[in-house]
file final-v6.csv (CSV, C-alpha atoms and all ligand atoms)
chain,number,residue,atom,x,y,z
A,10,MET,CA,92.6,157.5,166.1
A,11,THR,CA,95.4,155.9,168.0
A,12,THR,CA,98.5,154.5,166.3
A,13,PRO,CA,97.8,151.1,164.9
A,14,SER,CA,99.7,148.0,166.1
A,15,LEU,CA,98.9,145.8,163.2
A,16,SER,CA,99.2,146.4,159.4
A,17,ILE,CA,97.2,144.2,157.1
A,18,ILE,CA,98.8,144.1,153.7
A,19,ILE,CA,96.5,143.4,150.8
A,20,PRO,CA,98.0,142.9,147.3
A,21,THR,CA,95.6,143.7,144.5
A,22,PHE,CA,95.6,143.3,140.8
A,23,ASN,CA,92.3,143.7,139.1
A,24,GLU,CA,90.1,143.1,142.1
A,25,ARG,CA,87.5,145.8,141.6
A,26,ASP,CA,84.5,143.9,142.8
A,27,ASN,CA,86.4,142.3,145.7
A,28,VAL,CA,88.0,145.1,147.6
A,29,GLY,CA,84.7,146.6,148.9
A,30,PRO,CA,83.5,143.3,150.4
A,31,LEU,CA,86.9,142.5,151.8
A,32,TYR,CA,87.1,146.0,153.4
A,33,ASP,CA,83.6,145.5,154.9
A,34,ALA,CA,84.5,142.1,156.2
A,35,LEU,CA,87.7,143.3,157.8
A,36,CYS,CA,85.8,146.1,159.5
A,37,VAL,CA,83.7,143.8,161.5
A,38,VAL,CA,86.4,141.3,162.5
A,39,PRO,CA,87.0,141.7,166.3
A,40,MET,CA,90.7,142.2,165.9
A,41,GLY,CA,91.4,143.2,169.5
A,42,LEU,CA,93.9,145.9,168.5
A,43,ASP,CA,94.0,149.0,166.3
A,44,PHE,CA,95.0,148.2,162.8
A,45,GLU,CA,95.6,149.8,159.4
A,46,MET,CA,95.0,148.3,155.9
A,47,VAL,CA,97.6,148.8,153.2
A,48,PHE,CA,96.4,147.9,149.7
A,49,VAL,CA,99.3,147.5,147.2
A,50,ASP,CA,97.9,147.8,143.7
A,51,ASP,CA,100.0,147.1,140.6
A,52,ASP,CA,98.2,149.6,138.4
A,53,SER,CA,95.1,147.5,137.9
A,54,THR,CA,93.2,148.2,134.6
A,55,ASP,CA,89.7,147.5,135.9
A,56,GLY,CA,89.2,150.5,138.1
A,57,THR,CA,90.3,148.8,141.4
A,58,ARG,CA,92.2,152.0,142.3
A,59,ASP,CA,89.1,154.2,142.1
A,60,ARG,CA,87.3,151.8,144.3
A,61,LEU,CA,90.2,151.9,146.8
A,62,ALA,CA,90.3,155.7,146.7
A,63,GLU,CA,86.6,155.8,147.6
A,64,ILE,CA,87.2,153.5,150.6
A,65,ALA,CA,90.3,155.4,151.7
A,66,ARG,CA,88.5,158.7,151.6
A,67,HIS,CA,86.1,157.6,154.3
A,68,ASP,CA,88.5,155.7,156.5
A,69,MET,CA,91.9,156.9,157.7
A,70,ARG,CA,93.0,153.4,158.5
A,71,VAL,CA,93.2,152.6,154.8
A,72,ARG,CA,96.2,153.5,152.7
A,73,VAL,CA,96.8,152.7,149.0
A,74,ILE,CA,100.2,152.1,147.4
A,75,HIS,CA,100.0,152.4,143.7
A,76,ARG,CA,102.9,150.8,141.8
A,77,ILE,CA,103.4,151.6,138.1
A,78,GLY,CA,105.3,149.4,135.6
A,79,ARG,CA,105.8,146.6,138.1
A,80,ARG,CA,104.1,143.3,138.6
A,81,GLY,CA,104.6,140.7,141.2
A,82,LEU,CA,102.8,139.5,144.3
A,83,ALA,CA,105.9,139.0,146.4
A,84,THR,CA,107.4,142.4,145.9
A,85,ALA,CA,104.0,144.0,146.3
A,86,VAL,CA,103.7,142.4,149.7
A,87,THR,CA,107.3,143.3,150.7
A,88,GLU,CA,106.9,146.9,149.7
A,89,GLY,CA,103.6,147.1,151.6
A,90,MET,CA,105.3,145.8,154.7
A,91,LEU,CA,108.2,148.2,154.3
A,92,SER,CA,105.8,151.1,154.2
A,93,THR,CA,104.6,150.4,157.7
A,94,THR,CA,106.2,150.5,161.2
A,95,THR,CA,103.7,148.5,163.3
A,96,PRO,CA,105.0,145.6,165.5
A,97,TYR,CA,102.6,143.1,163.8
A,98,LEU,CA,102.1,142.4,160.1
A,99,ALA,CA,99.5,140.3,158.3
A,100,VAL,CA,98.9,139.5,154.6
A,101,ILE,CA,95.6,138.5,153.1
A,102,ASP,CA,94.5,138.1,149.5
A,103,ALA,CA,92.0,140.7,148.3
A,104,ASP,CA,89.7,138.2,146.6
A,105,MET,CA,88.0,136.8,149.8
A,106,GLN,CA,89.5,133.4,149.3
A,107,HIS,CA,91.3,133.6,152.7
A,108,ASP,CA,89.2,133.6,155.8
A,109,GLU,CA,89.6,137.0,157.5
A,110,ARG,CA,87.9,135.7,160.6
A,111,VAL,CA,91.0,133.7,161.5
A,112,LEU,CA,93.1,136.9,161.8
A,113,PRO,CA,92.3,137.6,165.5
A,114,ALA,CA,93.6,134.1,166.5
A,115,MET,CA,96.7,134.6,164.4
A,116,ILE,CA,97.5,138.0,166.1
A,117,ALA,CA,96.7,136.6,169.5
A,118,LYS,CA,99.4,133.9,169.0
A,119,LEU,CA,102.0,136.5,168.0
A,120,ARG,CA,101.1,138.8,170.9
A,121,LYS,CA,101.5,136.0,173.4
A,122,GLY,CA,105.2,135.8,172.5
A,123,GLY,CA,107.4,132.9,171.6
A,124,THR,CA,106.0,132.8,168.0
A,125,ASP,CA,107.4,134.7,165.0
A,126,LEU,CA,105.0,133.6,162.3
A,127,VAL,CA,101.4,132.2,162.2
A,128,VAL,CA,100.4,130.7,158.9
A,129,GLY,CA,96.8,130.1,157.7
A,130,SER,CA,96.9,126.6,156.4
A,131,ARG,CA,94.7,124.7,154.0
A,132,TYR,CA,96.3,121.5,155.0
A,133,HIS,CA,96.4,121.7,158.8
A,134,GLU,CA,93.8,119.7,160.5
A,135,GLY,CA,90.5,121.4,160.1
A,136,GLY,CA,91.6,123.3,157.0
A,137,SER,CA,90.6,122.6,153.4
A,138,ILE,CA,91.5,123.6,149.9
A,139,GLY,CA,87.8,124.0,149.1
A,140,GLU,CA,86.7,123.5,145.5
A,141,TRP,CA,90.0,123.1,143.8
A,142,ASP,CA,90.1,120.7,140.9
A,143,LYS,CA,92.3,117.5,141.2
A,144,GLN,CA,94.9,118.9,138.8
A,145,ARG,CA,95.6,122.0,140.8
A,146,ALA,CA,95.5,120.1,144.1
A,147,ARG,CA,98.1,117.7,142.8
A,148,VAL,CA,100.4,120.5,141.6
A,149,SER,CA,100.0,122.2,144.9
A,150,ALA,CA,100.9,119.1,146.8
A,151,LEU,CA,104.0,118.5,144.8
A,152,ALA,CA,105.1,122.1,145.2
A,153,THR,CA,104.6,121.8,148.9
A,154,LYS,CA,106.9,118.8,149.1
A,155,LEU,CA,109.6,120.7,147.1
A,156,ALA,CA,109.2,123.6,149.4
A,157,GLY,CA,110.0,121.5,152.4
A,158,LEU,CA,113.4,121.0,150.9
A,159,ILE,CA,114.4,124.6,151.1
A,160,THR,CA,112.5,126.0,154.1
A,161,HIS,CA,113.9,125.0,157.4
A,162,SER,CA,110.5,124.5,158.8
A,163,ASP,CA,107.9,121.9,158.6
A,164,LEU,CA,104.9,124.0,157.5
A,165,SER,CA,102.0,122.1,156.1
A,166,ASP,CA,101.2,124.9,153.7
A,167,PRO,CA,104.3,126.9,152.9
A,168,MET,CA,102.7,128.3,149.8
A,169,SER,CA,100.0,130.1,151.8
A,170,GLY,CA,99.5,133.7,151.0
A,171,PHE,CA,97.7,134.2,154.3
A,172,PHE,CA,99.9,134.7,157.4
A,173,ALA,CA,100.9,137.0,160.2
A,174,ILE,CA,104.4,137.8,161.3
A,175,THR,CA,106.2,140.0,163.8
A,176,ARG,CA,108.1,143.0,162.6
A,177,GLU,CA,111.3,141.6,164.1
A,178,ALA,CA,111.0,138.3,162.1
A,179,PHE,CA,110.2,140.2,158.9
A,180,ASP,CA,113.2,142.6,159.4
A,181,GLY,CA,115.4,139.5,159.9
A,182,ALA,CA,114.6,138.2,156.5
A,183,VAL,CA,113.8,141.2,154.3
A,184,ARG,CA,117.4,141.9,153.1
A,185,ASP,CA,117.8,138.5,151.7
A,186,LEU,CA,114.4,138.1,150.0
A,187,SER,CA,114.7,137.0,146.4
A,188,GLY,CA,111.5,138.8,145.4
A,189,GLN,CA,111.1,136.1,142.8
A,190,GLY,CA,107.5,135.3,141.9
A,191,TYR,CA,104.5,134.5,144.0
A,192,LYS,CA,105.6,132.8,147.2
A,193,ILE,CA,106.4,135.4,149.7
A,194,LEU,CA,106.0,133.2,152.7
A,195,LEU,CA,108.4,130.6,151.4
A,196,ASP,CA,110.8,133.3,150.6
A,197,ILE,CA,110.7,134.8,154.1
A,198,CYS,CA,111.1,131.3,155.7
A,199,ALA,CA,114.1,130.5,153.5
A,200,SER,CA,115.7,133.9,153.9
A,201,SER,CA,115.5,134.2,157.7
A,202,LYS,CA,118.8,133.8,159.4
A,203,THR,CA,117.4,132.0,162.4
A,204,PRO,CA,114.7,129.4,161.9
A,205,LEU,CA,111.3,131.1,162.5
A,206,ARG,CA,109.1,129.8,165.3
A,207,THR,CA,105.9,129.1,163.5
A,208,GLN,CA,102.4,128.0,164.3
A,209,GLU,CA,99.6,127.1,161.9
A,210,LEU,CA,95.9,127.8,162.0
A,211,PRO,CA,93.5,126.0,159.7
A,212,TYR,CA,91.1,127.7,157.4
A,213,ARG,CA,88.9,126.7,154.5
A,214,PHE,CA,90.0,128.2,151.1
A,215,ARG,CA,87.0,129.9,149.7
A,216,THR,CA,85.9,129.9,146.1
A,217,ARG,CA,86.6,133.1,144.2
A,218,GLN,CA,83.4,135.1,143.7
A,219,ALA,CA,84.5,137.9,141.4
A,220,GLY,CA,87.4,138.3,139.0
A,221,GLU,CA,89.9,135.6,138.2
A,222,SER,CA,93.1,134.1,139.5
A,223,LYS,CA,96.3,135.6,138.3
A,224,LEU,CA,98.1,132.4,138.8
A,225,ASP,CA,99.1,131.0,135.4
A,226,ALA,CA,101.5,128.4,134.0
A,227,LEU,CA,104.4,130.8,134.2
A,228,ILE,CA,104.0,130.8,138.0
A,229,VAL,CA,105.4,127.3,138.0
A,230,TRP,CA,108.6,128.5,136.3
A,231,GLU,CA,108.9,131.4,138.7
A,232,TYR,CA,108.5,129.0,141.5
A,233,LEU,CA,111.3,126.8,140.2
A,234,LEU,CA,113.5,129.9,140.0
A,235,LEU,CA,112.8,130.7,143.6
A,236,LEU,CA,113.8,127.2,144.6
A,237,ILE,CA,117.0,127.5,142.6
A,238,ASP,CA,117.7,131.0,144.0
A,239,LYS,CA,117.3,129.7,147.6
A,240,THR,CA,119.5,126.5,147.0
A,241,ILE,CA,122.3,127.5,144.7
A,242,GLY,CA,121.5,131.2,144.3
A,243,HIS,CA,124.7,132.2,146.1
A,244,VAL,CA,126.8,130.4,143.5
A,245,VAL,CA,124.9,131.2,140.3
A,246,PRO,CA,122.0,133.6,140.0
A,247,ALA,CA,118.6,131.9,139.2
A,248,ARG,CA,118.2,134.2,136.2
A,249,PHE,CA,121.4,132.8,134.8
A,250,VAL,CA,120.2,129.2,135.2
A,251,SER,CA,116.9,130.2,133.5
A,252,PHE,CA,118.9,131.9,130.6
A,253,MET,CA,121.1,128.8,130.2
A,254,ALA,CA,118.2,126.4,130.2
A,255,ILE,CA,116.4,128.4,127.6
A,256,GLY,CA,119.7,128.6,125.7
A,257,ALA,CA,119.9,124.8,125.7
A,258,LEU,CA,116.4,124.7,124.3
A,259,GLY,CA,117.5,127.2,121.7
A,260,VAL,CA,120.2,124.7,120.6
A,261,LEU,CA,117.5,122.1,120.1
A,262,VAL,CA,115.5,124.6,118.0
A,263,HIS,CA,118.5,125.4,116.0
A,264,MET,CA,119.3,121.8,115.2
A,265,SER,CA,115.7,121.1,114.3
A,266,VAL,CA,115.5,124.0,111.9
A,267,LEU,CA,118.8,123.1,110.4
A,268,ALA,CA,117.7,119.5,109.9
A,269,MET,CA,114.4,120.7,108.3
A,270,ILE,CA,116.1,123.0,105.9
A,271,MET,CA,118.9,120.5,104.9
A,272,GLU,CA,116.3,117.7,104.4
A,273,THR,CA,114.0,119.8,102.2
A,274,ALA,CA,115.5,122.7,100.5
A,275,ARG,CA,119.2,121.7,100.5
A,276,PRO,CA,120.6,125.2,100.1
A,277,SER,CA,124.3,125.8,100.9
A,278,PHE,CA,125.1,124.7,104.4
A,279,ALA,CA,126.2,128.1,105.5
A,280,TRP,CA,122.8,129.6,104.6
A,281,ALA,CA,121.0,126.8,106.4
A,282,GLN,CA,123.1,127.3,109.5
A,283,ALA,CA,122.6,131.1,109.4
A,284,ILE,CA,118.8,130.7,109.1
A,285,ALA,CA,118.7,128.2,112.0
A,286,ALA,CA,120.8,130.5,114.2
A,287,GLY,CA,118.4,133.4,113.4
A,288,VAL,CA,115.3,131.3,114.3
A,289,ALA,CA,117.0,130.2,117.5
A,290,MET,CA,117.8,133.8,118.5
A,291,VAL,CA,114.3,134.9,117.9
A,292,PHE,CA,113.0,131.9,119.9
A,293,ASN,CA,115.4,132.7,122.8
A,294,PHE,CA,114.5,136.3,122.8
A,295,PHE,CA,110.8,135.7,123.2
A,296,VAL,CA,111.1,132.9,125.7
A,297,ASN,CA,113.6,134.8,127.8
A,298,ASN,CA,111.3,137.8,127.7
A,299,VAL,CA,108.5,135.8,129.2
A,300,LEU,CA,110.4,133.5,131.6
A,301,THR,CA,113.8,134.9,132.6
A,302,TYR,CA,112.8,138.6,132.6
A,303,ARG,CA,109.2,138.3,133.5
A,304,ASP,CA,109.5,141.3,135.8
A,305,ARG,CA,111.2,143.4,133.2
A,306,ARG,CA,109.1,142.0,130.3
A,307,LEU,CA,109.1,144.1,127.1
A,308,LYS,CA,105.7,144.8,125.8
A,309,GLY,CA,104.3,146.4,122.7
A,310,ALA,CA,105.6,146.2,119.1
A,311,ALA,CA,108.1,149.0,119.3
A,312,ALA,CA,109.7,147.8,122.5
A,313,LEU,CA,109.8,144.2,121.3
A,314,ALA,CA,111.4,145.2,118.0
A,315,LYS,CA,114.0,147.3,119.7
A,316,GLY,CA,114.7,144.5,122.2
A,317,LEU,CA,114.9,141.8,119.5
A,318,ALA,CA,117.4,144.0,117.5
A,319,SER,CA,119.6,144.5,120.5
A,320,PHE,CA,119.4,140.8,121.5
A,321,VAL,CA,120.4,139.7,118.0
A,322,ALA,CA,123.3,142.2,118.1
A,323,VAL,CA,124.5,141.0,121.5
A,324,CYS,CA,124.2,137.3,120.5
A,325,SER,CA,126.0,137.9,117.2
A,326,PHE,CA,128.9,139.5,119.1
A,327,GLY,CA,128.7,136.5,121.5
A,328,ALA,CA,129.0,134.1,118.5
A,329,VAL,CA,132.1,135.9,117.2
A,330,ALA,CA,133.7,135.8,120.7
A,331,ASN,CA,132.7,132.1,120.9
A,332,VAL,CA,134.4,131.2,117.6
A,333,GLY,CA,137.4,133.4,118.3
A,334,ILE,CA,138.1,131.9,121.7
A,335,ALA,CA,137.6,128.4,120.6
A,336,ASN,CA,139.9,128.9,117.6
A,337,PHE,CA,142.6,130.5,119.8
A,338,LEU,CA,142.5,127.6,122.2
A,339,PHE,CA,142.4,125.0,119.5
A,340,ALA,CA,145.4,126.5,117.7
A,341,ASP,CA,148.5,124.2,117.7
A,342,TYR,CA,146.2,121.5,119.0
A,343,ARG,CA,147.0,122.5,122.5
A,344,TYR,CA,143.5,121.6,123.7
A,345,GLY,CA,141.2,119.0,122.1
A,346,TRP,CA,138.5,120.3,119.9
A,347,TRP,CA,135.8,119.5,122.4
A,348,LEU,CA,137.5,121.5,125.2
A,349,ALA,CA,138.2,124.4,122.9
A,350,GLY,CA,134.6,124.2,121.6
A,351,PHE,CA,133.1,124.1,125.0
A,352,ALA,CA,135.2,127.0,126.3
A,353,GLY,CA,134.0,129.1,123.3
A,354,VAL,CA,130.3,128.2,124.0
A,355,LEU,CA,130.7,129.0,127.7
A,356,VAL,CA,132.3,132.4,127.1
A,357,GLY,CA,129.7,133.2,124.4
A,358,ALA,CA,126.9,132.2,126.7
A,359,VAL,CA,128.1,134.2,129.7
A,360,TRP,CA,128.6,137.2,127.4
A,361,ASN,CA,125.1,136.8,126.0
A,362,TYR,CA,123.6,136.7,129.5
A,363,ALA,CA,125.6,139.6,130.9
A,364,ALA,CA,125.3,141.9,127.9
A,365,SER,CA,121.6,141.2,127.2
A,366,SER,CA,120.7,141.8,130.9
A,367,LEU,CA,122.4,145.2,130.7
A,368,VAL,CA,121.2,146.2,127.2
A,369,THR,CA,118.1,144.3,126.2
A,370,TRP,CA,116.4,143.9,129.5
A,371,ARG,CA,117.9,146.9,131.3
A,372,ALA,CA,116.6,147.0,134.9
A,401,LIG,N1,99.9,143.9,143.7
A,401,LIG,C1,99.8,142.7,143.1
A,401,LIG,N2,100.6,142.4,142.0
A,401,LIG,N3,98.9,141.8,143.5
A,401,LIG,C2,98.8,140.6,142.9
A,401,LIG,C3,99.6,140.3,141.8
A,401,LIG,C4,100.5,141.2,141.3
A,401,LIG,O1,101.3,141.0,140.4
A,401,LIG,N4,99.2,139.0,141.4
A,401,LIG,C5,98.2,138.6,142.2
A,401,LIG,N5,97.9,139.6,143.1
A,401,LIG,C6,96.9,139.6,144.2
A,401,LIG,C7,95.5,139.3,143.7
A,401,LIG,O2,94.8,140.5,143.4
A,401,LIG,C8,94.9,138.6,145.0
A,401,LIG,O3,94.5,139.6,145.9
A,401,LIG,C9,96.1,137.9,145.6
A,401,LIG,O4,97.3,138.6,145.1
A,401,LIG,C10,96.2,136.4,145.2
A,401,LIG,O5,96.1,136.3,143.8
A,401,LIG,P1,95.2,135.2,143.1
A,401,LIG,O6,95.4,135.3,141.6
A,401,LIG,O7,93.9,135.2,143.6
A,401,LIG,O8,96.0,133.8,143.5
A,401,LIG,P2,95.4,132.4,143.9
A,401,LIG,O9,94.1,132.5,144.5
A,401,LIG,O10,95.4,131.6,142.6
A,401,LIG,O11,96.4,131.9,145.0
A,401,LIG,C11,96.5,132.5,146.2
A,401,LIG,O12,96.1,131.7,147.3
A,401,LIG,C12,97.0,130.6,147.5
A,401,LIG,C13,96.5,129.9,148.8
A,401,LIG,O13,96.6,130.7,149.9
A,401,LIG,C14,97.9,133.1,146.5
A,401,LIG,O14,97.8,133.8,147.7
A,401,LIG,C15,98.8,132.0,146.6
A,401,LIG,O15,100.1,132.5,146.9
A,401,LIG,C16,98.4,131.0,147.7
A,401,LIG,O16,99.2,129.9,147.7
A,402,MN,MN,92.8,134.0,144.8
call {"tool": "encode", "arguments": {"input": "final-v6.csv", "output": "structure tokens"}}
result
Amino acid sequence: MTTPSLSIIIPTFNERDNVGPLYDALCVVPMGLDFEMVFVDDDSTDGTRDRLAEIARHDMRVRVIHRIGRRGLATAVTEGMLSTTTPYLAVIDADMQHDERVLPAMIAKLRKGGTDLVVGSRYHEGGSIGEWDKQRARVSALATKLAGLITHSDLSDPMSGFFAITREAFDGAVRDLSGQGYKILLDICASSKTPLRTQELPYRFRTRQAGESKLDALIVWEYLLLLIDKTIGHVVPARFVSFMAIGALGVLVHMSVLAMIMETARPSFAWAQAIAAGVAMVFNFFVNNVLTYRDRRLKGAAALAKGLASFVAVCSFGAVANVGIANFLFADYRYGWWLAGFAGVLVGAVWNYAASSLVTWRA
């Protein structure tokens, strides 16, 4: 076996019945150069790994990276690429939805020179999104428009998970990747210091035969965070923005609970306020656990209980700091109540964010 010139990176999460057919399909593609296949599996629970091991035993071109305790398509692809040294890189989904027969044309464009990135596009002339329902097609079109705002290219399908890139171009972007969410291609385009010279090739998005999509509603939130990270991320971290947005929602929860208690039970105001604050904290903990810290998400009753306890402790301290600072500023009426109040809230919020990321959701 000669050293390969192309590494095909294949992210997998619960794709047991797809990896075999994909491997077979890749083997008969007339690639025109020696290649290796790097599967990056996030500890699938359906036996994908055993299937991959079987394949790798018979073919030296196949490698498997097994990640434990991690989830994320973007980081899986990045780590797969980082594990290789070939001059050309390609990414393809494991579920046969991408058309592997387009790969040779993609690679040919890169080898010709003058192109850094070739993207398989569902929207380029001749391409198609296949059998997507209207709803998903609309969401995808909107996301594509938004993406145009942050990438410096005019890709018709910047959300594509199917592309080929030169090692040089990847190296030029990899240090600034946000690693947020699903959209690795978008991340690479937005992180590259020099605009990438791109080309597109159409393909028809196939219907999934086995298993199911891992794209859920949370992906939309992750996508927004990626956009935030790439636009104002150098000023405020996207995670902080997420934490604040959920915090603002928490205020709404607090006020609703307070209103409900005051309207119905009419206990002492202090009690009502304390209960409302407790409910808001629990709400904030669970929502942040799913949205802000998706990658470090706490799971299982024990971990959740411990996390909730530390979050409540952190936030209680934050509340004390909040009141203390506001009170200090308000003393002698040096600052108006609203400025003092706002300063207290801000300090408390920053504290909650910083302390909970270090304690509750320790990396
Ligand atoms: N290692 C790893 N970790 N792999 C993952 C993860 C993860 O957390 N989540 C998904 N994958 C793998 C899947 O196993 C599959 O091989 C591939 O990534 C795509 O996941 P799907 O769940 O099938 O996504 P999709 O079909 O809804 O969307 C795909 O195609 C679109 C069109 O090209 C993705 O590639 C999108 O990014 C893309 O826009
Ligand atoms: Mn898919």
call {"tool": "closest_residue", "arguments": {"input": "final-v6.csv", "among": "A:Ala328, A:Trp347, A:Ile159, A:Gly333", "to": "A:Trp360", "atoms": "only C-alpha atoms"}}
result
A:Ala328
call {"tool": "atom_distance", "arguments": {"input": "final-v6.csv", "atom1": "atom CA of A:Leu267", "atom2": "atom CA of A:Ile284"}}
result
7.7 Å
call {"tool": "closest_atom_pairs", "arguments": {"input": "final-v6.csv", "of": "chain A", "to": "ligand MN 402 (chain A)", "cutoff": "10 Å", "atoms": "only C-alpha atoms and all ligand atoms", "output": "JSON lines"}}
result
{"residue": "A:Glu24", "atom": "CA", "partner": "A:MN402", "partner_atom": "MN", "distance": 9.9}
{"residue": "A:Ile101", "atom": "CA", "partner": "A:MN402", "partner_atom": "MN", "distance": 9.8}
{"residue": "A:Asp102", "atom": "CA", "partner": "A:MN402", "partner_atom": "MN", "distance": 6.5}
{"residue": "A:Ala103", "atom": "CA", "partner": "A:MN402", "partner_atom": "MN", "distance": 7.6}
{"residue": "A:Asp104", "atom": "CA", "partner": "A:MN402", "partner_atom": "MN", "distance": 5.5}
{"residue": "A:Met105", "atom": "CA", "partner": "A:MN402", "partner_atom": "MN", "distance": 7.5}
{"residue": "A:Gln106", "atom": "CA", "partner": "A:MN402", "partner_atom": "MN", "distance": 5.6}
{"residue": "A:His107", "atom": "CA", "partner": "A:MN402", "partner_atom": "MN", "distance": 8.1}
{"residue": "A:Gly170", "atom": "CA", "partner": "A:MN402", "partner_atom": "MN", "distance": 9.1}
{"residue": "A:Phe214", "atom": "CA", "partner": "A:MN402", "partner_atom": "MN", "distance": 9.0}
{"residue": "A:Arg215", "atom": "CA", "partner": "A:MN402", "partner_atom": "MN", "distance": 8.6}
{"residue": "A:Thr216", "atom": "CA", "partner": "A:MN402", "partner_atom": "MN", "distance": 8.1}
{"residue": "A:Arg217", "atom": "CA", "partner": "A:MN402", "partner_atom": "MN", "distance": 6.3}
{"residue": "A:Gln218", "atom": "CA", "partner": "A:MN402", "partner_atom": "MN", "distance": 9.5}
{"residue": "A:Ala219", "atom": "CA", "partner": "A:MN402", "partner_atom": "MN", "distance": 9.8}
{"residue": "A:Gly220", "atom": "CA", "partner": "A:MN402", "partner_atom": "MN", "distance": 9.0}
{"residue": "A:Glu221", "atom": "CA", "partner": "A:MN402", "partner_atom": "MN", "distance": 7.4}
{"residue": "A:Ser222", "atom": "CA", "partner": "A:MN402", "partner_atom": "MN", "distance": 5.3}
{"residue": "A:Lys223", "atom": "CA", "partner": "A:MN402", "partner_atom": "MN", "distance": 7.6}
{"residue": "A:Leu224", "atom": "CA", "partner": "A:MN402", "partner_atom": "MN", "distance": 8.2}
call {"tool": "residues_around", "arguments": {"input": "final-v6.csv", "residues": "A:Gln282", "least_positions_apart": "2", "cutoff": "9 Å", "atoms": "only C-alpha atoms", "output": "ChimeraX atom specification"}}
result
/A:263-264,266-267,270,277-280,284-287
call {"tool": "closest_residue", "arguments": {"input": "final-v6.csv", "among": "A:Arg110, A:Arg72, A:Arg79, A:Lys143", "to": "A:Phe171", "atoms": "only C-alpha atoms"}}
result
A:Arg110
call {"tool": "atom_distance", "arguments": {"input": "final-v6.csv", "atom1": "atom CA of A:Glu209", "atom2": "atom CA of A:Ile116"}}
result
11.9 Å
call {"tool": "atom_distance", "arguments": {"input": "final-v6.csv", "atom1": "atom CA of A:Ser366", "atom2": "atom CA of A:Arg306"}}
result
11.6 Å
call {"tool": "closest_residue", "arguments": {"input": "final-v6.csv", "among": "A:Leu313, A:Ile77, A:Val262, A:Leu194", "to": "A:Val288", "atoms": "all atoms listed in the file"}}
result
A:Val262
call {"tool": "closest_residue", "arguments": {"input": "final-v6.csv", "among": "A:Thr273, A:Ser251, A:Ser149, A:Asn331", "to": "ligand LIG 401 (chain A)", "atoms": "only C-alpha atoms and all ligand atoms"}}
result
A:Ser149
call {"tool": "closest_residue", "arguments": {"input": "final-v6.csv", "among": "A:Ile19, A:Ala372, A:Leu126, A:Ala318", "to": "ligand LIG 401 (chain A)", "atoms": "all atoms listed in the file"}}
result
A:Ile19
call {"tool": "closest_residue", "arguments": {"input": "final-v6.csv", "among": "A:Val332, A:Ala156, A:Leu233, A:Met90", "to": "A:Trp346", "atoms": "all atoms listed in the file"}}
result
A:Val332
call {"tool": "decode", "arguments": {"input": "final-v6.csv", "residues": "stretch 334-346 of chain A", "atoms": "N, CA and C atoms", "output": "PDB file, in the first residue's frame"}}
result
ATOM      1  N   ILE A 334     -24.079  45.087  45.771  1.00  0.00           N
ATOM      2  CA  ILE A 334     -23.521  46.115  44.878  1.00  0.00           C
ATOM      3  C   ILE A 334     -24.542  47.208  44.600  1.00  0.00           C
ATOM      4  N   ALA A 335     -25.775  46.781  44.329  1.00  0.00           N
ATOM      5  CA  ALA A 335     -26.815  47.766  44.042  1.00  0.00           C
ATOM      6  C   ALA A 335     -27.007  48.689  45.243  1.00  0.00           C
ATOM      7  N   ASN A 336     -27.001  48.085  46.412  1.00  0.00           N
ATOM      8  CA  ASN A 336     -27.204  48.838  47.646  1.00  0.00           C
ATOM      9  C   ASN A 336     -26.075  49.833  47.866  1.00  0.00           C
ATOM     10  N   PHE A 337     -24.842  49.376  47.594  1.00  0.00           N
ATOM     11  CA  PHE A 337     -23.665  50.220  47.757  1.00  0.00           C
ATOM     12  C   PHE A 337     -23.745  51.431  46.837  1.00  0.00           C
ATOM     13  N   LEU A 338     -24.112  51.168  45.567  1.00  0.00           N
ATOM     14  CA  LEU A 338     -24.172  52.255  44.596  1.00  0.00           C
ATOM     15  C   LEU A 338     -25.325  53.219  44.897  1.00  0.00           C
ATOM     16  N   PHE A 339     -26.373  52.647  45.457  1.00  0.00           N
ATOM     17  CA  PHE A 339     -27.572  53.449  45.697  1.00  0.00           C
ATOM     18  C   PHE A 339     -27.404  54.358  46.927  1.00  0.00           C
ATOM     19  N   ALA A 340     -26.498  53.946  47.842  1.00  0.00           N
ATOM     20  CA  ALA A 340     -26.306  54.683  49.094  1.00  0.00           C
ATOM     21  C   ALA A 340     -26.075  56.157  48.804  1.00  0.00           C
ATOM     22  N   ASP A 341     -26.586  56.992  49.601  1.00  0.00           N
ATOM     23  CA  ASP A 341     -26.471  58.456  49.473  1.00  0.00           C
ATOM     24  C   ASP A 341     -27.125  58.955  48.180  1.00  0.00           C
ATOM     25  N   TYR A 342     -27.892  58.127  47.540  1.00  0.00           N
ATOM     26  CA  TYR A 342     -28.570  58.523  46.292  1.00  0.00           C
ATOM     27  C   TYR A 342     -27.592  59.051  45.247  1.00  0.00           C
ATOM     28  N   ARG A 343     -26.329  58.490  45.295  1.00  0.00           N
ATOM     29  CA  ARG A 343     -25.339  58.966  44.338  1.00  0.00           C
ATOM     30  C   ARG A 343     -25.759  58.586  42.917  1.00  0.00           C
ATOM     31  N   TYR A 344     -26.273  57.329  42.753  1.00  0.00           N
ATOM     32  CA  TYR A 344     -26.778  56.898  41.451  1.00  0.00           C
ATOM     33  C   TYR A 344     -28.258  56.636  41.591  1.00  0.00           C
ATOM     34  N   GLY A 345     -29.000  56.834  40.530  1.00  0.00           N
ATOM     35  CA  GLY A 345     -30.441  56.583  40.571  1.00  0.00           C
ATOM     36  C   GLY A 345     -30.709  55.115  40.853  1.00  0.00           C
ATOM     37  N   TRP A 346     -31.905  54.797  41.296  1.00  0.00           N
ATOM     38  CA  TRP A 346     -32.227  53.404  41.624  1.00  0.00           C
ATOM     39  C   TRP A 346     -32.076  52.484  40.430  1.00  0.00           C
TER      40      TRP A 346
END
